[in-house]
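Contents: one structure, followed by commentary.
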Amino acid sequence: NDGPVSLLAVRRRGARPTREFLHLIGPGTKGEPMRYRTQIQSTGATTTGIPVPEEIVDALGGGKRPAVVVRLGGHAYRGSVATVDGAPMISLSSANREKAGVGAGDEVDVELELDTEPRTVSVPDDFAAALAADPEAKATFDRISYSNQRWHVESITGAKTDETRQRRIAKSVAILHDGRPR
């Protein structure tokens, strides 16, 4: 490949399709990072996403919803490709936008790599003790998805006071005890 290849992706917004041009920077092959240039899209009032050309999703070799490592503006994070309005996209949280120094509408170079590492959550000691005291809650926590486990842990670790933290631990244990992921 001697230069960038123009790719055309069509995203549906309501009934009218909009077009955006994406440029493949690095050729990439299965197992190798894929590099391309795109524009960060606003996907709601406070959410943004990174469009992913179907050709890149296919070349990554992880199926239609692959887990990926995203490198953006010197910042790397783990995510997954999802389908939004019929097109592949990766969520870009406000925390990751801030760390990468980017925002909706910015044109950026993106590097994607298939994420083959197991996704595990580091459970705080106080939450682990509460789970150990309730076998049903522990069993539910062990079988729910990584993202749901992370949701519980981030809720607890995000508490500003010990009182709030203890209340959130109790709430998470109660939810998990009932067999619900959230």
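Identifiers for the structure tokens are assigned positionally: chains receive A, B, ... in sequence, residues are indexed from 1 per chain, and ligands are indexed from 1 in the order shown.
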
Exercise: range 127-143 of chain A partners within 7 Å, only C-alpha atoms, chain neighbours under 5 positions left out, as a list in words: Gln149, Ile169, Val173, Leu176, His177 and Gly179 of chain A

Just-selected residues, C-alpha atoms written as a PDB file, in the first residue's frame:
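As a result, out-v3.pdb now contains:
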```
ATOM      1  CA  GLN A 149     -18.377  -6.076  37.362  1.00  0.00           C
ATOM      2  CA  ILE A 169     -21.355  -1.782  48.802  1.00  0.00           C
ATOM      3  CA  VAL A 173     -24.444  -6.900  47.381  1.00  0.00           C
ATOM      4  CA  LEU A 176     -26.146  -9.306  43.220  1.00  0.00           C
ATOM      5  CA  HIS A 177     -27.803 -11.424  45.931  1.00  0.00           C
ATOM      6  CA  GLY A 179     -29.157 -12.563  40.877  1.00  0.00           C
TER       7      GLY A 179
END
```

Do you know which residues are at most 10 Å from range 77-82 of chain A counting only C-alpha atoms, after dropping those on the same chain fewer than 2 positions away, and could you put them as number ranges by chain? A: 49-52, 57, 62-72, 75, 84-92, 96, 99-100, 112-115, 119, 147

Kindly export the residues of the current selection with C-alpha atoms, as a PDB file, in the first residue's frame.
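The result, stored in again.pdb:
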```pdb
ATOM      1  CA  GLY A  49     -17.993   7.664  19.633  1.00  0.00           C
ATOM      2  CA  ILE A  50     -15.287   6.757  17.175  1.00  0.00           C
ATOM      3  CA  PRO A  51     -16.617   5.392  13.857  1.00  0.00           C
ATOM      4  CA  VAL A  52     -14.880   2.218  12.672  1.00  0.00           C
ATOM      5  CA  VAL A  57     -13.615  -4.565  11.899  1.00  0.00           C
ATOM      6  CA  GLY A  62     -12.464 -10.675  16.284  1.00  0.00           C
ATOM      7  CA  GLY A  63     -16.003 -10.910  14.905  1.00  0.00           C
ATOM      8  CA  LYS A  64     -18.508  -8.076  14.515  1.00  0.00           C
ATOM      9  CA  ARG A  65     -18.086  -6.808  18.115  1.00  0.00           C
ATOM     10  CA  PRO A  66     -14.395  -7.277  18.868  1.00  0.00           C
ATOM     11  CA  ALA A  67     -12.754  -6.192  22.092  1.00  0.00           C
ATOM     12  CA  VAL A  68     -10.063  -3.671  21.157  1.00  0.00           C
ATOM     13  CA  VAL A  69      -7.277  -1.514  22.530  1.00  0.00           C
ATOM     14  CA  VAL A  70      -7.811   2.033  21.261  1.00  0.00           C
ATOM     15  CA  ARG A  71      -4.880   4.452  20.947  1.00  0.00           C
ATOM     16  CA  LEU A  72      -5.959   8.024  20.479  1.00  0.00           C
ATOM     17  CA  HIS A  75      -3.801   7.791  25.249  1.00  0.00           C
ATOM     18  CA  VAL A  84     -24.749   2.414  16.627  1.00  0.00           C
ATOM     19  CA  ASP A  85     -27.368   3.470  14.073  1.00  0.00           C
ATOM     20  CA  GLY A  86     -26.331   0.493  11.952  1.00  0.00           C
ATOM     21  CA  ALA A  87     -22.627   1.367  11.821  1.00  0.00           C
ATOM     22  CA  PRO A  88     -19.637   0.078  13.846  1.00  0.00           C
ATOM     23  CA  MET A  89     -18.508   2.493  16.565  1.00  0.00           C
ATOM     24  CA  ILE A  90     -16.426   2.543  19.748  1.00  0.00           C
ATOM     25  CA  SER A  91     -17.649   4.502  22.741  1.00  0.00           C
ATOM     26  CA  LEU A  92     -15.460   7.427  23.806  1.00  0.00           C
ATOM     27  CA  ASN A  96     -11.064   9.154  27.758  1.00  0.00           C
ATOM     28  CA  LYS A  99      -7.077  12.114  28.675  1.00  0.00           C
ATOM     29  CA  ALA A 100      -6.665  12.083  24.874  1.00  0.00           C
ATOM     30  CA  LEU A 112      -7.015  -0.206  16.950  1.00  0.00           C
ATOM     31  CA  GLU A 113      -5.645  -3.540  18.017  1.00  0.00           C
ATOM     32  CA  LEU A 114      -7.554  -6.699  18.853  1.00  0.00           C
ATOM     33  CA  ASP A 115      -7.624  -7.062  22.659  1.00  0.00           C
ATOM     34  CA  ARG A 119     -10.641  -8.561  31.194  1.00  0.00           C
ATOM     35  CA  SER A 147     -18.498  -4.399  32.192  1.00  0.00           C
TER      36      SER A 147
END
```

If you run DSSP on the backbone, which residues of range 19-180 of chain A are strand (DSSP E or B), as a short mmCIF file (atom, residue, chain, number, x, y, z; two decimals) with C-alpha atoms, in the first residue's frame?
```cif
data_model
loop_
_atom_site.label_atom_id
_atom_site.label_comp_id
_atom_site.auth_asym_id
_atom_site.auth_seq_id
_atom_site.Cartn_x
_atom_site.Cartn_y
_atom_site.Cartn_z
CA ARG A 19 -21.51 10.50 4.80
CA GLU A 20 -18.09 10.77 6.33
CA PHE A 21 -14.75 9.98 4.75
CA LEU A 22 -12.29 7.85 6.60
CA HIS A 23 -8.68 7.28 5.61
CA LEU A 24 -6.83 4.07 6.29
CA ILE A 25 -3.31 5.07 7.34
CA GLY A 26 -1.73 1.71 8.11
CA MET A 34 -5.03 -0.93 12.31
CA ARG A 35 -4.54 2.82 11.85
CA TYR A 36 -7.01 5.21 10.26
CA ARG A 37 -8.18 8.82 10.37
CA THR A 38 -11.75 9.77 11.24
CA GLN A 39 -13.90 12.36 12.93
CA GLN A 41 -18.99 11.71 16.34
CA SER A 42 -21.52 12.99 18.85
CA THR A 48 -19.36 10.48 21.71
CA GLY A 49 -17.99 7.66 19.63
CA ILE A 50 -15.29 6.76 17.17
CA PRO A 51 -16.62 5.39 13.86
CA ALA A 67 -12.75 -6.19 22.09
CA VAL A 68 -10.06 -3.67 21.16
CA VAL A 69 -7.28 -1.51 22.53
CA VAL A 70 -7.81 2.03 21.26
CA ARG A 71 -4.88 4.45 20.95
CA LEU A 72 -5.96 8.02 20.48
CA HIS A 75 -3.80 7.79 25.25
CA ALA A 76 -4.75 4.10 25.19
CA TYR A 77 -7.88 2.46 26.58
CA ARG A 78 -9.79 -0.78 26.25
CA GLY A 79 -13.18 -0.89 24.57
CA SER A 80 -15.37 -2.86 22.22
CA VAL A 81 -16.82 -2.19 18.81
CA ALA A 82 -20.60 -1.86 18.97
CA THR A 83 -23.26 -1.07 16.38
CA VAL A 84 -24.75 2.41 16.63
CA ALA A 87 -22.63 1.37 11.82
CA PRO A 88 -19.64 0.08 13.85
CA MET A 89 -18.51 2.49 16.57
CA ILE A 90 -16.43 2.54 19.75
CA SER A 91 -17.65 4.50 22.74
CA LEU A 92 -15.46 7.43 23.81
CA GLU A 107 -10.49 14.79 13.22
CA VAL A 108 -8.16 12.23 14.79
CA ASP A 109 -5.76 9.40 13.99
CA VAL A 110 -6.95 6.17 15.61
CA GLU A 111 -5.05 2.95 16.17
CA LEU A 112 -7.02 -0.21 16.95
CA GLU A 113 -5.65 -3.54 18.02
CA LEU A 114 -7.55 -6.70 18.85
#
```

Run DSSP on the backbone and tell me which residues of chain A come out as alpha helix (DSSP H); list them as JSON, numbers by chain. {"A": [54, 55, 56, 57, 58, 59, 60, 94, 95, 96, 97, 98, 99, 100, 125, 126, 127, 128, 129, 130, 131, 132, 135, 136, 137, 138, 139, 140, 141, 142, 143, 146, 147, 148, 149, 150, 151, 152, 153, 154, 155, 156, 157, 162, 163, 164, 165, 166, 167, 168, 169, 170, 171, 172, 173, 174, 175, 176, 177]}

Which neighbours of Glu98 in chain A fall inside 12 Å, counting only C-alpha atoms, when residues of the same chain fewer than 4 positions from it are skipped, and could you give them as a list in words? Leu72, Gly73, Gly74, His75, Leu92, Ser93, Ser94, Val102, Gly103 and Ala104 of chain A

Skipping near chain neighbours, those fewer than 6 positions away, what residues fall within 8 Å of range 151-167 of chain A using only C-alpha atoms, listed as a PyMOL selection string? chain A and resi 121-124+182

So how far away is CA of Ile56 in chain A from CA of Gly44 in chain A, in Å? 24.2 Å
